[in-house]
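A.B. asks: Encoded as structure tokens, here's the structure I'll be asking about.
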Amino acid sequence: RTGARVERLPLARYTTLGVGGEAEVWFVSNGAQLAEAVEAPYRILGGGSNLVVADEGVPERVIRLTGPLAEADLTPDPALSSGETVVTGWVGGGVPLPGLIRKLQKLGLSNLEGTVGIPAQVGGAVWMNAGTRYGEMFDGLHTLEIVTPGGTRQVTPDDLAWGYRQSGIPRGHIVSRVRLRLRRSAPEEVLAKMDFADQARKGQPKMKTPGCAFKNPGGVSAGKLIDEAGLKGARVGGAMIAPEHANFIVNLGGASSADVHALLALIRERVGAPLELEYELWP
Ligand code: FAD
């Protein structure tokens with residue numbers, strides 16, 4: 001055994017919605033532990049900000065990156081940096097994205113500030129190329145380290161078929177660490193861009209939520225369709241369609257995953273247009 005900490009824990013603790021039953025959680029902090037963790041069926045958990053986990057939990061082991069895999073070495077690599085371009089040391093997939101963005105701003109390092117306000121870990125955000133209309137994760141990546149049961153490999157963005165909210169990395173391939181490609185800039189300038197991107201978030205609810213429920217069908221706002229169906233504030237058990245923004249389901253406290261699924265079904269029934277789910281459902 002490589003010494004990874006393994007515990008049965010409620011996944012509700014690790015999701016922004018605060019819902020989800022138990023699983024065997026593997027806390028891995030280095031490559032050897034990660035290699036052991038992927039020897040049996042697994043799921044990789046990031047910040048849990050795009051997940052609705054079943055009340056029954058999941059049967060697979062759930063891998064969570066900790067220790068050095070949740071730390072960031074932002075020192076410029078002299079061999080790869082030149083002029084305004086800075087390539088950092090390794091940034092663990094388990095690093096919380098919001099704190100990283102704040103640190104980069106203070107250091108006067110630009111390229112990723114458009115992702116400000118996205119609650120995620122670096123690995124999860126890279127895996128789905130999370131972003132806003134002001135920027136996305138692939139704006140600032142140099143190298144990615146990817147772990148699978150077949151081994152560990154390093155790739156560059158050019159090796160991947162990445163695009164809008166997708167990295168091209170197959171599901172289950174673990175983004176264990178990345179090196180960032182950044183541009184030197186004045187900290188005040190980075191801050192100004194962050195403030196601008198942050199403005200767009202003002203209408204979002206502050207309660208426990210996994211973010212937007214549905215993709216906008218054919219460019220029409222899903223929130224507007226749900227609102228027009230008269231569903232703002234609709235409740236099932238502890239789950240509610242947010243009065244501030246109808247495309248957000250929030251946990252009022254004590255919501256179950258069954259409550260959330262019931263609300264999703266109600267929305268689908270009342271809104272005529274076909275709606276594609278934005279969250280990922282576990283299992
Ligand atoms: P999780 O939710 O933990 O997992 C999501 C998926 O990523 C799962 O398939 C998981 O297996 C996989 N994954 C996690 N970590 C890794 C890893 N290390 N390697 C490989 N795969 C991994 N998203 C946006 O794009 N833009 C937004 O503006 C935005 N706003 C949001 C606002 C709120 C209030 C909330 C709650 C969510 C928002 N989201 C937004 C959604 C969410 O933040 C993103 O989808 C984010 O990328 C999820 O990252 P995570 O680390 O939380 O992943």
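So you can find residues: chains in the structure tokens are A, B, ... in the order shown, residues in each start at 1, and ligands are numbered from 1 in order.
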Got a sec to tell me which of region 238-267 of chain A DSSP assigns to strand (DSSP E), as an MDAnalysis selection string?

C.D. replies: chainID A and resid 239:241 249:251

A.B. asks: Hey, which bits of region 49-149 of chain A sit within 8 Å of region 250-266 of chain A, and for each residue what's the closest pair of atoms and how far apart in Å (one decimal), counting only C-alpha atoms, rows by chain and increasing number, as JSON lines?

C.D. replies:
```
{"residue": "A:Val52", "atom": "CA", "partner": "A:Ser257", "partner_atom": "CA", "distance": 6.7}
{"residue": "A:Val53", "atom": "CA", "partner": "A:Ser257", "partner_atom": "CA", "distance": 6.6}
{"residue": "A:Ala54", "atom": "CA", "partner": "A:Ser257", "partner_atom": "CA", "distance": 5.4}
{"residue": "A:Asp55", "atom": "CA", "partner": "A:Ser257", "partner_atom": "CA", "distance": 5.5}
```

A.B. asks: Give me the residues within 10 Å of Lys208 (chain A) as a ChimeraX atom specification, counting only C-alpha atoms and dropping any in the same chain fewer than 2 places off.

C.D. replies: /A:15-19,49,205-206,210-211,239,248-253

A.B. asks: If you keep C-alpha atoms, can you produce a file of those selected residues as a PDB file, in the first residue's frame?

C.D. replies:
```pdb
ATOM      1  CA  THR A  15     -20.382  19.128  -3.379  1.00  0.00           C
ATOM      2  CA  THR A  16     -21.478  22.758  -3.608  1.00  0.00           C
ATOM      3  CA  LEU A  17     -25.124  21.578  -3.648  1.00  0.00           C
ATOM      4  CA  GLY A  18     -24.530  19.773  -0.356  1.00  0.00           C
ATOM      5  CA  VAL A  19     -26.282  16.611  -1.541  1.00  0.00           C
ATOM      6  CA  SER A  49     -19.410  22.318  -8.191  1.00  0.00           C
ATOM      7  CA  PRO A 205     -27.991  33.097  -6.044  1.00  0.00           C
ATOM      8  CA  LYS A 206     -25.638  32.869  -3.065  1.00  0.00           C
ATOM      9  CA  PRO A 210     -24.355  23.213  -8.515  1.00  0.00           C
ATOM     10  CA  GLY A 211     -24.550  26.193 -10.900  1.00  0.00           C
ATOM     11  CA  ALA A 239     -34.829  22.117  -3.106  1.00  0.00           C
ATOM     12  CA  PHE A 248     -30.420  27.723 -10.625  1.00  0.00           C
ATOM     13  CA  ILE A 249     -31.701  25.061  -8.235  1.00  0.00           C
ATOM     14  CA  VAL A 250     -30.690  25.736  -4.644  1.00  0.00           C
ATOM     15  CA  ASN A 251     -30.581  23.641  -1.492  1.00  0.00           C
ATOM     16  CA  LEU A 252     -32.575  25.384   1.250  1.00  0.00           C
ATOM     17  CA  GLY A 253     -31.048  22.942   3.748  1.00  0.00           C
TER      18      GLY A 253
END
```

A.B. asks: State, in Å with one decimal place, the distance from CA of Leu100 (chain A) to atom 9 (O, counted along the ligand's line) of ligand 1.

C.D. replies: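 Between these atoms lies a distance of 20.9 Å.
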
A.B. asks: Which polymer residues have any atom within 10 Å of an atom of Pro98 (chain A), counting only C-alpha atoms, with same-chain residues fewer than 3 positions away left out, as a count of residues only?

C.D. replies: 13

A.B. asks: Counting only C-alpha atoms and all ligand atoms, what are the residues, protein, DNA or RNA alike, that approach ligand 1 to within 6 Å? I want them as a PyMOL selection string.

C.D. replies: chain A and resi 16+43-51+93+118-121+123-125+127-128+130-132+173-176+209-211

A.B. asks: Near Cys212 (chain A), counting only C-alpha atoms, which residues have an atom at most 10 Å away, once you skip same-chain residues fewer than 3 positions from it, shown as an mmCIF file with N, CA and C atoms, in the first residue's frame?

C.D. replies:
```cif
data_model
loop_
_atom_site.group_PDB
_atom_site.id
_atom_site.type_symbol
_atom_site.label_atom_id
_atom_site.label_comp_id
_atom_site.auth_asym_id
_atom_site.auth_seq_id
_atom_site.Cartn_x
_atom_site.Cartn_y
_atom_site.Cartn_z
ATOM 1 N N ASN A 50 -20.181 20.942 -10.046
ATOM 2 C CA ASN A 50 -21.032 20.695 -11.208
ATOM 3 C C ASN A 50 -21.716 19.339 -11.078
ATOM 4 N N GLN A 204 -26.568 35.953 -9.651
ATOM 5 C CA GLN A 204 -26.581 34.533 -9.265
ATOM 6 C C GLN A 204 -26.903 34.365 -7.783
ATOM 7 N N THR A 209 -25.639 25.463 -4.440
ATOM 8 C CA THR A 209 -26.133 25.145 -5.774
ATOM 9 C C THR A 209 -25.034 24.505 -6.606
ATOM 10 N N LYS A 215 -28.411 23.863 -20.222
ATOM 11 C CA LYS A 215 -27.772 24.654 -21.276
ATOM 12 C C LYS A 215 -28.841 25.499 -21.949
ATOM 13 N N ASN A 216 -28.431 26.634 -22.520
ATOM 14 C CA ASN A 216 -29.389 27.484 -23.221
ATOM 15 C C ASN A 216 -29.734 26.843 -24.570
ATOM 16 N N ALA A 222 -32.214 29.535 -20.955
ATOM 17 C CA ALA A 222 -32.982 28.499 -20.257
ATOM 18 C C ALA A 222 -33.685 29.108 -19.049
ATOM 19 N N GLY A 223 -32.999 30.046 -18.377
ATOM 20 C CA GLY A 223 -33.584 30.698 -17.201
ATOM 21 C C GLY A 223 -34.872 31.418 -17.556
ATOM 22 N N HIS A 245 -32.856 33.678 -10.098
ATOM 23 C CA HIS A 245 -32.441 33.222 -11.423
ATOM 24 C C HIS A 245 -32.991 31.812 -11.613
ATOM 25 N N ALA A 246 -33.944 31.666 -12.529
ATOM 26 C CA ALA A 246 -34.694 30.412 -12.627
ATOM 27 C C ALA A 246 -33.868 29.232 -13.136
ATOM 28 N N ASN A 247 -32.662 29.467 -13.665
ATOM 29 C CA ASN A 247 -31.858 28.329 -14.114
ATOM 30 C C ASN A 247 -30.965 27.777 -13.000
ATOM 31 N N PHE A 248 -31.179 28.249 -11.764
ATOM 32 C CA PHE A 248 -30.420 27.723 -10.625
ATOM 33 C C PHE A 248 -31.360 27.002 -9.664
ATOM 34 N N ILE A 249 -30.990 25.757 -9.307
ATOM 35 C CA ILE A 249 -31.701 25.061 -8.235
ATOM 36 C C ILE A 249 -30.836 25.174 -6.986
ATOM 37 N N LEU A 277 -29.196 18.920 -19.819
ATOM 38 C CA LEU A 277 -28.682 19.167 -18.471
ATOM 39 C C LEU A 277 -27.255 19.692 -18.504
ATOM 40 N N GLU A 278 -26.972 20.656 -17.650
ATOM 41 C CA GLU A 278 -25.625 21.216 -17.536
ATOM 42 C C GLU A 278 -24.825 20.420 -16.495
ATOM 43 N N TYR A 279 -25.479 19.981 -15.422
ATOM 44 C CA TYR A 279 -24.759 19.246 -14.372
ATOM 45 C C TYR A 279 -24.433 17.844 -14.821
#
```

A.B. asks: How close does region 55-92 of chain A get to region 24-28 of chain A? List, as JSON lines, each residue of region 55-92 of chain A within 12 Å, its nearest atom pair and the distance in Å to one decimal, counting only C-alpha atoms.

C.D. replies:
```
{"residue": "A:Gly57", "atom": "CA", "partner": "A:Glu24", "partner_atom": "CA", "distance": 9.4}
{"residue": "A:Val58", "atom": "CA", "partner": "A:Glu24", "partner_atom": "CA", "distance": 8.5}
{"residue": "A:Pro59", "atom": "CA", "partner": "A:Glu24", "partner_atom": "CA", "distance": 8.0}
{"residue": "A:Glu60", "atom": "CA", "partner": "A:Glu24", "partner_atom": "CA", "distance": 7.3}
{"residue": "A:Arg61", "atom": "CA", "partner": "A:Glu24", "partner_atom": "CA", "distance": 5.0}
{"residue": "A:Val62", "atom": "CA", "partner": "A:Val25", "partner_atom": "CA", "distance": 4.7}
{"residue": "A:Ile63", "atom": "CA", "partner": "A:Trp26", "partner_atom": "CA", "distance": 4.8}
{"residue": "A:Arg64", "atom": "CA", "partner": "A:Phe27", "partner_atom": "CA", "distance": 5.0}
{"residue": "A:Leu65", "atom": "CA", "partner": "A:Val28", "partner_atom": "CA", "distance": 5.2}
{"residue": "A:Thr66", "atom": "CA", "partner": "A:Val28", "partner_atom": "CA", "distance": 5.8}
{"residue": "A:Gly67", "atom": "CA", "partner": "A:Val28", "partner_atom": "CA", "distance": 7.6}
{"residue": "A:Pro68", "atom": "CA", "partner": "A:Val28", "partner_atom": "CA", "distance": 9.3}
{"residue": "A:Leu69", "atom": "CA", "partner": "A:Val28", "partner_atom": "CA", "distance": 7.8}
{"residue": "A:Ala70", "atom": "CA", "partner": "A:Val28", "partner_atom": "CA", "distance": 9.7}
{"residue": "A:Gly92", "atom": "CA", "partner": "A:Val28", "partner_atom": "CA", "distance": 11.4}
```

A.B. asks: Print the selection's residues with N, CA and C atoms to a file, as a PDB file, in the first residue's frame.

C.D. replies:
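Result saved to part15.pdb:
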```pdb
ATOM      1  N   GLY A  57     -25.279   7.491  -2.903  1.00  0.00           N
ATOM      2  CA  GLY A  57     -23.835   7.566  -3.101  1.00  0.00           C
ATOM      3  C   GLY A  57     -23.431   6.878  -4.396  1.00  0.00           C
ATOM      4  N   VAL A  58     -22.151   6.531  -4.519  1.00  0.00           N
ATOM      5  CA  VAL A  58     -21.692   5.831  -5.719  1.00  0.00           C
ATOM      6  C   VAL A  58     -20.889   4.612  -5.306  1.00  0.00           C
ATOM      7  N   PRO A  59     -20.952   3.536  -6.125  1.00  0.00           N
ATOM      8  CA  PRO A  59     -20.251   2.308  -5.761  1.00  0.00           C
ATOM      9  C   PRO A  59     -18.736   2.374  -5.997  1.00  0.00           C
ATOM     10  N   GLU A  60     -18.297   3.229  -6.925  1.00  0.00           N
ATOM     11  CA  GLU A  60     -16.865   3.297  -7.233  1.00  0.00           C
ATOM     12  C   GLU A  60     -16.119   4.048  -6.124  1.00  0.00           C
ATOM     13  N   ARG A  61     -14.803   3.847  -6.076  1.00  0.00           N
ATOM     14  CA  ARG A  61     -14.016   4.704  -5.187  1.00  0.00           C
ATOM     15  C   ARG A  61     -13.979   6.110  -5.786  1.00  0.00           C
ATOM     16  N   VAL A  62     -13.919   7.097  -4.906  1.00  0.00           N
ATOM     17  CA  VAL A  62     -13.916   8.490  -5.344  1.00  0.00           C
ATOM     18  C   VAL A  62     -12.557   9.099  -4.977  1.00  0.00           C
ATOM     19  N   ILE A  63     -11.849   9.565  -5.993  1.00  0.00           N
ATOM     20  CA  ILE A  63     -10.490  10.070  -5.768  1.00  0.00           C
ATOM     21  C   ILE A  63     -10.518  11.578  -5.567  1.00  0.00           C
ATOM     22  N   ARG A  64      -9.822  12.017  -4.528  1.00  0.00           N
ATOM     23  CA  ARG A  64      -9.729  13.447  -4.224  1.00  0.00           C
ATOM     24  C   ARG A  64      -8.242  13.799  -4.103  1.00  0.00           C
ATOM     25  N   LEU A  65      -7.809  14.831  -4.825  1.00  0.00           N
ATOM     26  CA  LEU A  65      -6.395  15.222  -4.829  1.00  0.00           C
ATOM     27  C   LEU A  65      -6.108  16.122  -3.630  1.00  0.00           C
ATOM     28  N   THR A  66      -5.079  15.781  -2.847  1.00  0.00           N
ATOM     29  CA  THR A  66      -4.731  16.587  -1.668  1.00  0.00           C
ATOM     30  C   THR A  66      -3.218  16.785  -1.595  1.00  0.00           C
ATOM     31  N   GLY A  67      -2.752  17.376  -0.497  1.00  0.00           N
ATOM     32  CA  GLY A  67      -1.316  17.558  -0.253  1.00  0.00           C
ATOM     33  C   GLY A  67      -0.667  18.284  -1.420  1.00  0.00           C
ATOM     34  N   PRO A  68       0.502  17.803  -1.864  1.00  0.00           N
ATOM     35  CA  PRO A  68       1.203  18.473  -2.969  1.00  0.00           C
ATOM     36  C   PRO A  68       0.363  18.537  -4.248  1.00  0.00           C
ATOM     37  N   LEU A  69      -0.596  17.628  -4.407  1.00  0.00           N
ATOM     38  CA  LEU A  69      -1.453  17.693  -5.607  1.00  0.00           C
ATOM     39  C   LEU A  69      -2.550  18.750  -5.459  1.00  0.00           C
ATOM     40  N   ALA A  70      -2.540  19.447  -4.312  1.00  0.00           N
ATOM     41  CA  ALA A  70      -3.465  20.575  -4.127  1.00  0.00           C
ATOM     42  C   ALA A  70      -2.665  21.834  -3.806  1.00  0.00           C
ATOM     43  N   GLY A  92      -1.104  21.766  -8.797  1.00  0.00           N
ATOM     44  CA  GLY A  92      -1.860  20.533  -8.588  1.00  0.00           C
ATOM     45  C   GLY A  92      -3.299  20.635  -9.064  1.00  0.00           C
TER      46      GLY A  92
END
```

A.B. asks: Could you please write out, as a ChimeraX atom specification, every residue of region 118-260 of chain A that DSSP assigns to alpha helix (DSSP H)?

C.D. replies: /A:122-127,187-199,222-228,257-260

A.B. asks: Can I get the selected residues back with C-alpha atoms, as a PDB file, in the first residue's frame?

C.D. replies:
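Dumped everything to part35.pdb:
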```pdb
ATOM      1  CA  VAL A 122      -7.946  23.385 -11.268  1.00  0.00           C
ATOM      2  CA  GLY A 123      -8.281  19.758 -12.488  1.00  0.00           C
ATOM      3  CA  GLY A 124     -12.068  19.895 -12.806  1.00  0.00           C
ATOM      4  CA  ALA A 125     -11.959  23.307 -14.461  1.00  0.00           C
ATOM      5  CA  VAL A 126      -9.315  22.128 -16.959  1.00  0.00           C
ATOM      6  CA  TRP A 127     -11.186  18.900 -17.677  1.00  0.00           C
ATOM      7  CA  PRO A 187      -1.661  43.757 -10.992  1.00  0.00           C
ATOM      8  CA  GLU A 188      -4.154  46.666 -11.232  1.00  0.00           C
ATOM      9  CA  GLU A 189      -4.829  45.804 -14.851  1.00  0.00           C
ATOM     10  CA  VAL A 190      -5.529  42.142 -14.031  1.00  0.00           C
ATOM     11  CA  LEU A 191      -7.763  43.273 -11.163  1.00  0.00           C
ATOM     12  CA  ALA A 192      -9.740  45.586 -13.443  1.00  0.00           C
ATOM     13  CA  LYS A 193     -10.421  42.688 -15.848  1.00  0.00           C
ATOM     14  CA  MET A 194     -11.465  40.452 -12.942  1.00  0.00           C
ATOM     15  CA  ASP A 195     -13.897  43.077 -11.609  1.00  0.00           C
ATOM     16  CA  PHE A 196     -15.407  43.407 -15.058  1.00  0.00           C
ATOM     17  CA  ALA A 197     -15.881  39.627 -15.451  1.00  0.00           C
ATOM     18  CA  ASP A 198     -17.289  39.442 -11.903  1.00  0.00           C
ATOM     19  CA  GLN A 199     -20.047  41.965 -12.693  1.00  0.00           C
ATOM     20  CA  ALA A 222     -32.982  28.499 -20.257  1.00  0.00           C
ATOM     21  CA  GLY A 223     -33.584  30.698 -17.201  1.00  0.00           C
ATOM     22  CA  LYS A 224     -36.041  32.832 -19.163  1.00  0.00           C
ATOM     23  CA  LEU A 225     -37.961  29.742 -20.389  1.00  0.00           C
ATOM     24  CA  ILE A 226     -38.210  28.373 -16.840  1.00  0.00           C
ATOM     25  CA  ASP A 227     -39.292  31.768 -15.532  1.00  0.00           C
ATOM     26  CA  GLU A 228     -41.958  32.060 -18.266  1.00  0.00           C
ATOM     27  CA  SER A 257     -30.943  14.343  -4.609  1.00  0.00           C
ATOM     28  CA  ALA A 258     -34.482  12.984  -5.164  1.00  0.00           C
ATOM     29  CA  ASP A 259     -35.859  16.510  -4.481  1.00  0.00           C
ATOM     30  CA  VAL A 260     -33.498  17.984  -7.080  1.00  0.00           C
TER      31      VAL A 260
END
```

A.B. asks: Which one of A:Gly20, A:Gly114, A:Gly3, A:Gly89 sits closest to Thr75 (chain A) if you count only C-alpha atoms?

C.D. replies: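 Ranking A:Gly20, A:Gly114, A:Gly3, A:Gly89 by distance to Thr75 (chain A), first place goes to A:Gly89.
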
A.B. asks: Identify, on the basis of only C-alpha atoms, every residue whose closest approach to Asp159 (chain A) does not exceed 12 Å; exclude the query and any residue fewer than 4 positions from it along the same chain; express the result as a PyMOL selection string.

C.D. replies: chain A and resi 142-144+153-155+167-169
